[in-house]
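Below is final.cif, which holds mmCIF, C-alpha atoms.
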data_work
#
loop_
_atom_site.label_atom_id
_atom_site.label_comp_id
_atom_site.auth_asym_id
_atom_site.auth_seq_id
_atom_site.Cartn_x
_atom_site.Cartn_y
_atom_site.Cartn_z
CA MET A 1 -13.23 -0.01 44.39
CA ALA A 2 -11.59 2.73 46.44
CA ASP A 3 -10.16 5.06 43.84
CA SER A 4 -7.77 6.81 46.13
CA LYS A 5 -5.78 8.38 43.31
CA ALA A 6 -7.10 9.65 40.03
CA VAL A 7 -6.86 7.42 37.02
CA THR A 8 -6.66 9.22 33.70
CA LEU A 9 -7.47 7.66 30.36
CA ARG A 10 -6.12 8.98 27.09
CA THR A 11 -6.74 7.50 23.67
CA ARG A 12 -4.35 7.92 20.78
CA LYS A 13 -4.25 6.84 17.15
CA PHE A 14 -7.99 6.62 16.97
CA MET A 15 -9.21 4.91 13.82
CA THR A 16 -12.63 3.81 12.62
CA ASN A 17 -12.18 0.46 10.95
CA ARG A 18 -15.21 0.15 8.68
CA LEU A 19 -14.08 -3.20 7.32
CA LEU A 20 -14.29 -4.84 10.70
CA SER A 21 -17.07 -2.53 11.93
CA ARG A 22 -15.17 -1.30 14.93
CA ARG A 23 -13.21 1.60 16.38
CA GLN A 24 -9.66 0.88 17.41
CA PHE A 25 -7.21 2.99 19.37
CA VAL A 26 -4.23 2.96 21.68
CA ILE A 27 -5.02 3.61 25.34
CA ASP A 28 -2.71 5.44 27.74
CA VAL A 29 -3.62 4.97 31.37
CA LEU A 30 -2.02 7.21 33.97
CA HIS A 31 -2.27 5.76 37.44
CA PRO A 32 0.36 7.38 39.62
CA GLY A 33 1.01 5.68 42.89
CA ARG A 34 -1.16 2.72 42.03
CA ALA A 35 -0.54 -0.68 40.58
CA ASN A 36 -2.16 -1.62 37.31
CA VAL A 37 -5.75 -0.71 36.60
CA SER A 38 -7.99 -3.72 36.04
CA LYS A 39 -9.47 -4.29 32.62
CA SER A 40 -13.06 -4.21 33.86
CA GLU A 41 -12.53 -0.77 35.32
CA LEU A 42 -11.04 0.41 32.05
CA LYS A 43 -14.04 -0.93 30.18
CA GLU A 44 -16.40 1.02 32.39
CA LYS A 45 -14.44 4.19 31.85
CA LEU A 46 -14.37 3.68 28.11
CA ALA A 47 -18.09 3.00 28.02
CA SER A 48 -18.76 6.32 29.71
CA LEU A 49 -16.22 8.12 27.54
CA TYR A 50 -17.48 6.88 24.19
CA GLU A 51 -21.13 6.42 25.15
CA VAL A 52 -21.30 2.78 24.26
CA LYS A 53 -24.65 1.12 24.89
CA ASP A 54 -23.34 -2.37 25.39
CA ALA A 55 -20.24 -2.69 27.51
CA ASN A 56 -19.75 -6.19 26.13
CA CYS A 57 -18.61 -4.80 22.82
CA ILE A 58 -15.51 -3.20 24.34
CA PHE A 59 -12.30 -5.20 24.33
CA VAL A 60 -9.04 -4.06 25.91
CA PHE A 61 -5.87 -6.06 25.72
CA LYS A 62 -2.07 -6.10 25.62
CA PHE A 63 -1.47 -3.69 28.47
CA ARG A 64 2.11 -3.04 29.47
CA THR A 65 3.32 -0.84 32.29
CA HIS A 66 6.02 1.63 31.47
CA PHE A 67 9.34 1.60 33.22
CA GLY A 68 9.03 3.01 36.70
CA GLY A 69 5.28 2.49 36.98
CA GLY A 70 2.51 5.04 36.91
CA LYS A 71 1.69 4.70 33.23
CA SER A 72 0.58 1.81 31.10
CA THR A 73 -0.27 1.51 27.45
CA GLY A 74 -2.49 -0.94 25.66
CA PHE A 75 -4.96 -1.34 22.82
CA GLY A 76 -8.71 -1.06 22.77
CA LEU A 77 -11.49 -1.95 20.38
CA ILE A 78 -15.16 -0.98 20.40
CA TYR A 79 -17.41 -2.97 18.10
CA ASP A 80 -20.60 -1.60 16.57
CA ASN A 81 -22.72 -4.48 17.73
CA LEU A 82 -22.42 -7.79 19.49
CA ASP A 83 -22.70 -9.86 16.31
CA ALA A 84 -19.73 -8.11 14.76
CA ALA A 85 -17.78 -8.71 17.94
CA LYS A 86 -18.57 -12.40 17.95
CA LYS A 87 -17.64 -12.65 14.32
CA TYR A 88 -14.30 -10.88 14.35
CA GLU A 89 -12.79 -11.33 17.76
CA PRO A 90 -10.50 -14.23 18.54
CA LYS A 91 -11.85 -16.85 20.89
CA TYR A 92 -9.71 -16.12 23.90
CA ARG A 93 -10.85 -12.50 24.05
CA LEU A 94 -14.49 -13.52 23.82
CA ILE A 95 -13.93 -15.90 26.69
CA ARG A 96 -12.34 -13.10 28.72
CA ASN A 97 -15.39 -10.96 28.13
CA GLY A 98 -17.74 -13.78 28.94
CA LEU A 99 -19.25 -14.08 25.47
CA ALA A 100 -18.04 -17.61 24.89
CA THR A 101 -17.10 -20.56 27.02
CA LYS A 102 -13.90 -22.45 26.98
CA VAL A 103 -14.09 -26.01 25.81
CA GLU A 104 -12.19 -28.07 28.32
CA LYS A 105 -10.33 -30.69 26.38
CA SER A 106 -8.19 -33.00 28.36
CA ARG A 107 -4.76 -32.91 26.80
CA LYS A 108 -3.95 -36.41 27.84
CA GLN A 109 -7.04 -37.84 26.17
CA MET A 110 -6.33 -36.00 22.98
CA LYS A 111 -2.77 -37.21 22.84
CA GLU A 112 -3.84 -40.79 23.47
CA ARG A 113 -6.38 -40.57 20.72
CA LYS A 114 -3.84 -39.20 18.32
CA ASN A 115 -1.39 -41.94 19.12
CA ARG A 116 -4.03 -44.57 18.55
CA ALA A 117 -4.97 -42.99 15.25
CA LYS A 118 -1.35 -43.16 14.11
CA LYS A 119 -1.62 -46.91 13.89
CA ILE A 120 -4.60 -46.87 11.49
CA ARG A 121 -4.36 -45.55 8.00
CA GLY A 122 -7.20 -43.95 6.03
CA VAL A 123 -10.86 -43.30 6.70
CA LYS A 124 -11.17 -45.89 9.41
CA LYS A 125 -10.17 -43.47 12.14
CA THR A 126 -13.71 -43.18 13.47
CA LYS A 127 -14.80 -43.13 17.07
CA ALA A 128 -16.19 -46.62 16.85
CA GLY A 129 -12.77 -47.63 15.70
CA ASP A 130 -10.92 -46.34 18.71
CA ALA A 131 -13.61 -47.43 21.12
CA ALA A 132 -12.97 -50.92 19.85
CA LYS A 133 -9.23 -50.36 20.11
CA LYS A 134 -9.58 -49.21 23.70
CA LYS A 135 -11.14 -52.53 24.58
CA MET B 1 -35.76 42.83 -35.76
CA SER B 2 -35.11 43.60 -39.40
CA GLY B 3 -31.42 44.25 -38.64
CA GLN B 4 -31.07 40.76 -37.22
CA ARG B 5 -32.74 39.25 -40.19
CA GLU B 6 -30.41 41.05 -42.55
CA SER B 7 -27.30 39.92 -40.61
CA SER B 8 -28.52 36.31 -40.66
CA GLU B 9 -29.01 36.59 -44.40
CA THR B 10 -25.47 37.88 -44.96
CA LEU B 11 -24.17 35.05 -42.82
CA ALA B 12 -26.14 32.55 -44.86
CA ARG B 13 -24.75 34.02 -48.05
CA LYS B 14 -21.18 33.68 -46.74
CA ASP B 15 -21.58 30.12 -45.59
CA ALA B 16 -23.50 29.01 -48.64
CA PRO B 17 -20.56 27.85 -50.79
CA ARG B 18 -19.03 25.96 -47.85
CA LEU B 19 -22.35 24.36 -47.15
CA LEU B 20 -22.63 23.32 -50.76
CA ALA B 21 -19.23 21.67 -50.69
CA LEU B 22 -20.04 19.79 -47.49
CA LEU B 23 -23.36 18.61 -48.82
CA LYS B 24 -21.71 17.36 -51.96
CA GLU B 25 -19.22 15.33 -49.90
CA MET B 26 -22.00 13.89 -47.86
CA LYS B 27 -23.91 12.88 -50.93
CA GLU B 28 -20.89 11.11 -52.37
CA GLY B 29 -20.29 9.28 -49.12
CA LEU B 30 -23.89 8.25 -48.90
CA ASP B 31 -23.81 6.94 -52.45
CA VAL B 32 -20.89 4.72 -51.65
CA VAL B 33 -22.62 3.46 -48.56
CA LYS B 34 -25.79 2.85 -50.44
CA SER B 35 -24.09 0.66 -53.00
CA LYS B 36 -22.40 -1.40 -50.35
CA VAL B 37 -25.55 -1.78 -48.31
CA GLU B 38 -27.43 -2.93 -51.38
CA ALA B 39 -24.85 -5.62 -51.98
CA ILE B 40 -25.16 -6.81 -48.41
CA THR B 41 -28.95 -6.86 -48.45
CA VAL B 42 -28.84 -9.00 -51.55
CA LYS B 43 -26.64 -11.46 -49.72
CA VAL B 44 -28.89 -11.41 -46.66
CA LYS B 45 -31.88 -12.15 -48.80
CA GLN B 46 -30.02 -15.15 -50.12
CA ASP B 47 -29.80 -16.37 -46.51
CA LYS B 48 -26.04 -16.23 -46.33
CA PHE B 49 -25.82 -14.56 -42.93
CA ARG B 50 -27.42 -16.28 -40.01
CA THR B 51 -28.26 -14.34 -36.89
CA ALA B 52 -29.74 -17.17 -34.93
CA GLU B 53 -26.84 -17.27 -32.49
CA GLY B 54 -26.94 -13.56 -31.84
CA ILE B 55 -25.21 -10.71 -33.55
CA SER B 56 -21.40 -10.67 -33.58
CA TYR B 57 -19.49 -7.63 -32.42
CA LEU B 58 -18.67 -6.36 -35.89
CA GLU B 59 -22.24 -6.63 -37.07
CA ALA B 60 -23.45 -4.76 -34.06
CA LYS B 61 -20.93 -2.04 -34.83
CA HIS B 62 -22.18 -1.79 -38.41
CA LEU B 63 -25.73 -1.44 -37.26
CA LEU B 64 -24.78 1.26 -34.79
CA LEU B 65 -22.94 3.22 -37.42
CA LEU B 66 -25.80 2.92 -39.84
CA SER B 67 -28.38 4.18 -37.37
CA TYR B 68 -26.01 6.99 -36.47
CA CYS B 69 -25.81 8.03 -40.09
CA GLN B 70 -29.58 7.87 -40.41
CA SER B 71 -30.08 10.05 -37.38
CA ILE B 72 -27.58 12.61 -38.65
CA VAL B 73 -29.29 12.81 -41.98
CA TYR B 74 -32.69 13.30 -40.39
CA TYR B 75 -31.25 15.98 -38.09
CA LEU B 76 -29.82 17.89 -41.03
CA LEU B 77 -33.09 17.60 -42.89
CA ARG B 78 -35.00 19.19 -40.09
CA LYS B 79 -32.46 21.97 -39.76
CA ALA B 80 -32.48 22.64 -43.47
CA LYS B 81 -36.24 22.96 -43.47
CA GLY B 82 -36.13 25.37 -40.56
CA LEU B 83 -38.03 23.17 -38.10
CA SER B 84 -36.87 23.32 -34.48
CA ILE B 85 -34.99 20.39 -33.05
CA GLU B 86 -35.45 21.17 -29.40
CA GLY B 87 -36.75 18.24 -27.47
CA HIS B 88 -36.95 16.07 -30.51
CA PRO B 89 -36.07 12.42 -29.83
CA VAL B 90 -33.57 12.38 -32.71
CA VAL B 91 -31.10 14.48 -30.69
CA ARG B 92 -31.30 12.04 -27.82
CA ASN B 93 -30.82 9.21 -30.25
CA LEU B 94 -27.73 10.83 -31.67
CA VAL B 95 -26.20 11.34 -28.25
CA GLU B 96 -26.93 7.76 -27.22
CA ILE B 97 -25.38 6.23 -30.29
CA ARG B 98 -22.36 8.48 -29.98
CA LEU B 99 -21.89 7.31 -26.42
CA PHE B 100 -22.06 3.68 -27.51
CA LEU B 101 -19.48 4.24 -30.21
CA GLU B 102 -17.14 5.91 -27.77
CA LYS B 103 -17.55 3.07 -25.32
CA ILE B 104 -16.67 0.37 -27.82
CA ARG B 105 -13.60 2.20 -29.04
CA PRO B 106 -11.24 0.49 -26.56
CA ILE B 107 -12.60 -2.92 -27.59
CA ASP B 108 -11.91 -1.88 -31.14
CA LYS B 109 -8.32 -1.10 -30.34
CA LYS B 110 -7.82 -4.46 -28.74
CA LEU B 111 -9.32 -6.34 -31.65
CA ASP B 112 -7.38 -4.31 -34.14
CA TYR B 113 -4.50 -6.76 -34.46
CA GLN B 114 -6.75 -9.73 -35.00
CA ILE B 115 -8.91 -7.94 -37.55
CA GLN B 116 -5.88 -6.84 -39.52
CA LYS B 117 -4.51 -10.32 -39.57
CA LEU B 118 -7.81 -11.75 -40.72
CA THR B 119 -8.22 -9.25 -43.53
CA LYS B 120 -4.68 -9.79 -44.66
CA ALA B 121 -5.19 -13.51 -44.65
CA ALA B 122 -8.49 -13.09 -46.50
CA GLU B 123 -7.02 -11.04 -49.33
CA GLY B 124 -3.44 -12.30 -49.53
CA GLY B 125 -3.92 -15.88 -48.40
CA PRO B 126 -3.65 -17.73 -51.69
CA ASP B 127 -1.03 -15.27 -52.95
CA GLU B 128 1.46 -16.03 -50.18
CA ILE B 129 1.47 -19.74 -50.87
CA ILE B 130 2.03 -19.22 -54.59
CA THR B 131 4.90 -16.77 -54.37
CA GLY B 132 7.24 -18.93 -52.32
CA ASP B 133 10.17 -16.70 -53.02
CA LYS B 134 13.01 -17.52 -50.67
CA LYS B 135 14.35 -14.03 -50.55
CA GLU B 136 11.04 -12.57 -49.62
CA LEU B 137 10.49 -15.11 -46.85
CA ASN B 138 13.91 -14.45 -45.37
CA LYS B 139 13.29 -10.76 -45.45
CA SER B 140 9.99 -11.07 -43.65
CA GLN B 141 11.56 -13.28 -41.03
CA THR B 142 14.44 -11.07 -40.06
CA GLU B 143 12.56 -7.79 -40.18
CA GLU B 144 10.18 -6.89 -37.49
CA ASP B 145 6.81 -7.84 -38.86
CA PRO B 146 4.20 -6.12 -36.74
CA LEU B 147 1.64 -8.73 -37.64
CA LYS B 148 3.66 -11.64 -36.34
CA PHE B 149 3.20 -11.55 -32.62
CA ARG B 150 4.79 -14.81 -31.77
CA PRO B 151 8.03 -15.41 -29.91
CA ASN B 152 10.79 -14.91 -32.39
CA PRO B 153 14.16 -15.97 -31.06
CA ASP B 154 15.95 -14.52 -34.09
CA MET B 155 15.12 -11.07 -32.91
CA LEU B 156 16.91 -11.47 -29.60
CA VAL B 157 19.85 -9.13 -29.16
CA SER B 158 22.55 -10.84 -27.15
CA LYS B 159 23.29 -8.85 -23.99
CA SER B 160 26.65 -10.36 -23.30
CA ALA B 161 28.08 -10.08 -26.80
CA PRO B 162 30.86 -7.53 -26.52
CA GLU B 163 30.77 -4.90 -29.20
CA GLU B 164 34.13 -3.79 -30.41
CA GLY B 165 34.14 -0.03 -30.49
CA ALA B 166 36.37 2.06 -32.64
CA GLY B 167 40.04 1.37 -31.94
CA GLY B 168 39.37 -1.75 -29.84
CA VAL B 169 38.12 0.15 -26.80
CA TYR B 170 36.14 -1.99 -24.40
CA ARG B 171 32.76 -0.53 -23.65
CA PRO B 172 30.82 -2.34 -20.95
CA PRO B 173 27.24 -3.29 -21.82
CA LYS B 174 24.64 -0.98 -20.35
CA PHE B 175 21.71 -2.67 -18.70
CA ALA B 176 20.56 -0.50 -15.85
CA PRO B 177 20.97 3.18 -15.03
CA THR B 178 23.71 3.82 -12.49
CA ALA B 179 24.53 6.95 -10.61
CA MET B 180 28.17 7.96 -10.44
CA ASP B 181 29.09 9.15 -6.99
CA ASP B 182 32.17 11.25 -7.00
CA ASP B 183 33.68 9.46 -4.05
CA ASP B 184 37.20 10.20 -5.05
CA LYS B 185 36.67 13.92 -5.02
CA ILE B 186 35.98 14.17 -1.30
CA SER B 187 39.35 14.68 0.32
CA LYS B 188 40.38 13.11 3.57
CA LYS B 189 39.96 16.38 5.41
CA GLU B 190 36.45 16.81 4.20
CA LYS B 191 35.60 13.26 5.20
CA GLN B 192 36.97 13.86 8.64
CA ALA B 193 34.96 17.04 8.94
CA LEU B 194 31.80 15.16 7.99
CA ARG B 195 32.52 12.50 10.55
CA ARG B 196 33.15 15.07 13.22
CA GLU B 197 29.83 16.69 12.51
CA LYS B 198 28.04 13.39 12.76
CA ALA B 199 29.70 12.56 16.04
CA LEU B 200 28.83 16.02 17.37
CA LEU B 201 25.19 15.49 16.48
CA GLN B 202 25.13 12.17 18.29
CA GLN B 203 26.75 13.57 21.37
CA SER B 204 24.45 16.55 21.51
CA LYS B 205 21.43 14.26 21.47
CA GLN B 206 22.63 12.66 24.65
CA ASN B 207 23.64 15.82 26.41
CA SER B 208 21.17 16.82 29.08
CA PHE B 209 21.60 20.56 28.62
CA VAL B 210 20.80 20.45 24.93
CA ASN B 211 17.86 18.17 25.60
CA GLU B 212 16.40 20.69 27.98
CA LEU B 213 16.76 23.42 25.41
CA MET B 214 15.09 21.33 22.77
CA ALA B 215 12.25 20.38 25.06
CA ASN B 216 11.71 24.03 25.77
CA PHE B 217 11.50 24.90 22.12
CA GLU B 218 9.33 22.00 21.07
CA ASP B 219 6.61 22.70 23.58
CA ARG B 220 6.37 19.13 24.59
CA PRO B 221 4.41 18.47 27.77
CA GLU B 222 6.88 18.11 30.56
CA GLU B 223 7.17 14.54 31.67
CA VAL B 224 8.66 14.33 35.11
CA ARG B 225 9.93 10.90 35.81
CA GLU B 226 11.03 9.66 39.16
CA ILE B 227 14.79 9.83 38.95
CA VAL B 228 17.03 8.99 41.83
CA GLY B 229 20.24 10.83 41.16
CA ALA B 230 21.57 11.12 37.63
CA GLU B 231 20.35 8.67 35.04
CA SER B 232 23.01 6.28 33.98
CA ARG B 233 23.84 5.97 30.35
CA GLU B 234 22.81 2.34 30.37
CA LEU B 235 19.39 3.26 31.58
CA THR B 236 18.86 6.02 29.04
CA ARG B 237 19.87 3.76 26.23
CA TYR B 238 17.59 1.03 27.48
CA LEU B 239 14.69 3.44 27.77
CA ALA B 240 15.31 4.87 24.32
CA LYS B 241 15.23 1.41 22.82
CA ARG B 242 12.07 0.53 24.66
CA GLU B 243 10.35 3.68 23.53
CA ALA B 244 11.30 3.06 19.92
CA LYS B 245 9.95 -0.46 20.19
CA GLU B 246 6.71 0.75 21.73
CA ARG B 247 6.21 3.27 18.98
CA GLN B 248 6.58 0.51 16.43
CA GLU B 249 4.13 -1.68 18.28
CA GLU B 250 1.54 1.03 18.42
CA GLU B 251 1.94 1.61 14.74
CA LEU B 252 1.21 -2.01 13.94
CA PHE B 253 -1.36 -2.53 16.71
CA THR B 254 0.37 -5.66 17.96
CA ARG B 255 2.90 -6.57 20.61
CA ALA B 256 6.15 -8.38 20.09
CA PRO B 257 6.64 -11.26 22.51
CA ILE B 258 9.16 -10.59 25.28
CA THR B 259 12.14 -12.89 25.24
CA ARG B 260 13.84 -14.30 28.30
CA HIS B 261 16.82 -12.04 27.77
CA GLU B 262 14.61 -8.97 27.75
CA LYS B 263 12.95 -10.02 30.98
CA LYS B 264 16.33 -10.43 32.64
CA LEU B 265 17.39 -7.05 31.36
CA GLU B 266 14.31 -5.37 32.76
CA LYS B 267 14.79 -7.06 36.09
CA HIS B 268 18.38 -5.88 36.20
CA MET B 269 17.38 -2.34 35.34
CA THR B 270 14.74 -2.09 38.02
CA LYS B 271 16.93 -3.65 40.67
CA SER B 272 20.09 -1.66 40.10
CA ARG B 273 18.30 1.66 40.14
CA ASN B 274 20.31 3.40 42.71
CA GLY B 275 21.30 6.87 41.60
CA LEU B 276 24.99 6.33 42.05
CA LEU B 277 25.30 4.31 38.88
CA GLY B 278 25.08 7.34 36.66
CA MET B 279 27.62 9.43 38.42
CA THR B 280 30.74 8.49 36.56
CA ASP B 281 29.07 8.22 33.20
CA GLY B 282 30.27 10.72 30.69
CA PHE B 283 32.25 12.78 33.05
CA HIS B 284 33.86 14.80 30.30
CA ASP B 285 31.04 14.87 27.80
CA ASP B 286 29.03 17.77 29.15
CA VAL B 287 32.13 19.85 29.47
CA LYS B 288 33.12 19.04 25.94
CA MET B 289 29.87 20.38 24.56
CA LEU B 290 30.37 23.84 25.97
CA PRO B 291 32.40 26.06 23.61
CA LEU B 292 34.89 27.19 26.23
CA GLU B 293 38.04 26.99 24.15
CA GLU B 294 38.75 26.99 20.46
CA ARG B 295 38.95 23.34 19.58
CA GLU B 296 38.79 23.16 15.82
CA ASN B 297 41.34 20.53 14.94
CA ASP B 298 41.34 18.41 17.99
CA GLY B 299 43.07 15.48 16.42
CA PRO B 300 41.23 12.21 15.93
CA THR B 301 37.60 12.34 16.99
CA GLU B 302 36.69 10.34 20.05
CA TYR B 303 33.99 7.83 19.59
CA SER B 304 31.93 7.42 22.73
CA ALA B 305 30.56 4.07 21.69
CA MET B 306 33.84 2.23 22.08
CA GLU B 307 35.64 3.48 25.14
CA ARG B 308 39.29 2.85 25.55
CA GLY B 309 39.88 -0.54 27.02
CA GLY B 310 37.37 -2.34 24.86
CA LYS B 311 36.04 -5.53 26.29
CA ARG B 312 37.74 -5.07 29.63
CA ASN B 313 35.46 -2.16 30.40
CA LYS B 314 32.25 -4.12 30.58
CA LYS B 315 30.74 -3.30 33.97
CA ARG B 316 28.68 -6.40 34.39
CA LYS B 317 29.04 -9.89 33.21
CA ALA B 318 26.45 -10.75 30.62
CA ARG B 319 25.83 -14.15 32.02
CA PHE B 320 22.41 -14.78 33.51
#

Would it be possible to restate this file's structure as structure tokens?
Amino acid sequence: MADSKAVTLRTRKFMTNRLLSRRQFVIDVLHPGRANVSKSELKEKLASLYEVKDANCIFVFKFRTHFGGGKSTGFGLIYDNLDAAKKYEPKYRLIRNGLATKVEKSRKQMKERKNRAKKIRGVKKTKAGDAAKKK
Amino acid sequence: MSGQRESSETLARKDAPRLLALLKEMKEGLDVVKSKVEAITVKVKQDKFRTAEGISYLEAKHLLLLSYCQSIVYYLLRKAKGLSIEGHPVVRNLVEIRLFLEKIRPIDKKLDYQIQKLTKAAEGGPDEIITGDKKELNKSQTEEDPLKFRPNPDMLVSKSAPEEGAGGVYRPPKFAPTAMDDDDKISKKEKQALRREKALLQQSKQNSFVNELMANFEDRPEEVREIVGAESRELTRYLAKREAKERQEEELFTRAPITRHEKKLEKHMTKSRNGLLGMTDGFHDDVKMLPLEERENDGPTEYSAMERGGKRNKKRKARF
């Protein structure tokens, strides 16, 4: 990545959240003359800044560029270990970091199944039931 | 050495009568206790108290008190004989039991009501039924009986019942404390002065000169933003709102979702950013701030929020 102009990171409102075993803060990124900084680059910079052993435990999200460009603000979390991260983070962020995989559910299939189940009442809504119905 | 001994002897001689009195009291107390304990032991021997299901709270308390008394007596005995008590287990015992007694004191307080009721029922039970005097019953019902903790609708004082004061004066019922603002005492002139001050404060916040001064004093790091020409009032207001919103979001560590209207607004702001928009904004305001002439009573204060013309002055149509 050609870093033609300097990117500066500043963290504000730093707080150690012992209940969720993580450190959370607001990140200010100054990138004059450049479009947004990618999240992976920010993670690397944070890892070097806070001396984190595992870069997988860092999550950055909700970045918004200020009016006029050059500065963006977002939130960051650094978990103590990977288990805590897997326990407390919402699924979509884990997927973004590559710690979980997205379950591809076909929307159409699900809706069909639901509509079939509407016709039956009670405990009989088993798979065998709708396989039979499909026939 | 001999001097000390003599002083201790004089002390002993002084305290002797007091000591005698205290010892006499103790002996009397112990005699009473002894008689009661003997009665209880007789009953226990007759197998009237069963402790198979564990000791009840009151019995445990009795035992604690008894052992406390025993320890105190033994302690005094040792002291009277002149033997040292340092490191003797009886002191530790005393402290322990004292601690226990202190700890169960709050439980005692809570059980107090029940115990009183029980004792009263135990001694006066048959008597109450016999003396069915109507007058007495009525009296006990209307008075506040501290031992009758059940909902008693007769004791309710009606809030809304108007009480006729002396001479038929209406006195409103007092439920909640109210503060009396002396609104009537502020004259119209004073109110106008207050309003003028408020408006002045608002205007000064928007004035660029004053803002520069303030920034100088507050030592804030200088943020140079890319401005083409003068910043229009619209833009400054928009930016102020956005900054306030961002501060709130950072506080709560979340983000509010952006509505369609907000997106349109942002688009409009970025597109129409040519510097000429801000030129005619507040043409007179900066001049007004400077104290060039004496303008004390300038007539009605001008409110910048609502310019003259009202709705006709809207620069753009709010229809996206």

Pull the closest atom pair for each residue of chain A that gets at most 12 Å from chain B, along with the distance in Å to one decimal, counting all atoms listed in the file, ordering rows by chain and then ascending residue number, as a tab-separated table.
residue	atom	partner	partner_atom	distance
A:Thr11	CA	B:Glu250	CA	11.7
A:Arg12	CA	B:Glu250	CA	9.4
A:Lys13	CA	B:Glu250	CA	8.3
A:Phe14	CA	B:Glu250	CA	11.1
A:Met15	CA	B:Phe253	CA	11.2
A:Gln24	CA	B:Phe253	CA	9.0
A:Phe25	CA	B:Phe253	CA	8.5
A:Val26	CA	B:Glu250	CA	6.9
A:Ile27	CA	B:Glu250	CA	9.9
A:Asp28	CA	B:Glu250	CA	11.2
A:Leu30	CA	B:Glu223	CA	12.0
A:Pro32	CA	B:Arg225	CA	10.9
A:Gly33	CA	B:Glu226	CA	11.4
A:Phe61	CA	B:Thr254	CA	10.0
A:Lys62	CA	B:Arg255	CA	7.1
A:Phe63	CA	B:Arg255	CA	9.4
A:Arg64	CA	B:Arg255	CA	9.6
A:Thr65	CA	B:Glu246	CA	11.2
A:His66	CA	B:Arg242	CA	9.2
A:Phe67	CA	B:Leu239	CA	7.9
A:Gly68	CA	B:Glu226	CA	7.4
A:Gly69	CA	B:Glu226	CA	9.4
A:Gly70	CA	B:Arg225	CA	9.5
A:Lys71	CA	B:Arg225	CA	10.6
A:Ser72	CA	B:Glu246	CA	11.2
A:Thr73	CA	B:Glu246	CA	9.1
A:Gly74	CA	B:Glu250	CA	8.5
A:Phe75	CA	B:Phe253	CA	7.2
A:Gly76	CA	B:Phe253	CA	9.6
A:Leu77	CA	B:Phe253	CA	10.8

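You can rank A:Leu46, A:Val29, A:Ile58, A:Ala117 by their closest distance to A:Leu94 using all atoms listed in the file, and at the top of that list sits A:Ile58.
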
Exercise for the section: Quote the spacing between atom CA of B:Leu77 and atom CA of B:Lys27 in Å to one decimal place. Expected result: 13.1 Å

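Atom to atom, atom CA of B:Gly167 and atom CA of B:Ala179 stand 27.0 Å apart.
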
Incomplete stretch 23-34 of chain A filled out to N, CA and C atoms as an mmCIF file, in the coordinates of the input:
data_model
loop_
_atom_site.group_PDB
_atom_site.id
_atom_site.type_symbol
_atom_site.label_atom_id
_atom_site.label_comp_id
_atom_site.auth_asym_id
_atom_site.auth_seq_id
_atom_site.Cartn_x
_atom_site.Cartn_y
_atom_site.Cartn_z
ATOM 1 N N ARG A 23 -14.104 0.461 16.180
ATOM 2 C CA ARG A 23 -13.210 1.600 16.380
ATOM 3 C C ARG A 23 -12.025 1.104 17.175
ATOM 4 N N GLN A 24 -10.846 1.388 16.718
ATOM 5 C CA GLN A 24 -9.660 0.880 17.410
ATOM 6 C C GLN A 24 -8.738 2.029 17.758
ATOM 7 N N PHE A 25 -8.055 1.900 18.890
ATOM 8 C CA PHE A 25 -7.210 2.990 19.370
ATOM 9 C C PHE A 25 -6.208 2.433 20.372
ATOM 10 N N VAL A 26 -5.236 3.285 20.684
ATOM 11 C CA VAL A 26 -4.230 2.960 21.680
ATOM 12 C C VAL A 26 -4.634 3.687 22.955
ATOM 13 N N ILE A 27 -4.592 2.999 24.077
ATOM 14 C CA ILE A 27 -5.020 3.610 25.340
ATOM 15 C C ILE A 27 -3.801 3.877 26.208
ATOM 16 N N ASP A 28 -3.727 5.081 26.751
ATOM 17 C CA ASP A 28 -2.710 5.440 27.740
ATOM 18 C C ASP A 28 -3.409 5.618 29.070
ATOM 19 N N VAL A 29 -2.999 4.843 30.046
ATOM 20 C CA VAL A 29 -3.620 4.970 31.370
ATOM 21 C C VAL A 29 -2.582 5.532 32.319
ATOM 22 N N LEU A 30 -2.941 6.620 32.989
ATOM 23 C CA LEU A 30 -2.020 7.210 33.970
ATOM 24 C C LEU A 30 -2.571 6.891 35.348
ATOM 25 N N HIS A 31 -1.835 6.150 36.098
ATOM 26 C CA HIS A 31 -2.270 5.760 37.440
ATOM 27 C C HIS A 31 -1.111 5.920 38.402
ATOM 28 N N PRO A 32 -0.798 7.171 38.751
ATOM 29 C CA PRO A 32 0.360 7.380 39.620
ATOM 30 C C PRO A 32 0.100 6.822 41.004
ATOM 31 N N GLY A 33 1.092 6.183 41.521
ATOM 32 C CA GLY A 33 1.010 5.680 42.890
ATOM 33 C C GLY A 33 0.099 4.476 43.029
ATOM 34 N N ARG A 34 -0.240 3.854 41.963
ATOM 35 C CA ARG A 34 -1.160 2.720 42.030
ATOM 36 C C ARG A 34 -0.637 1.630 41.132
#
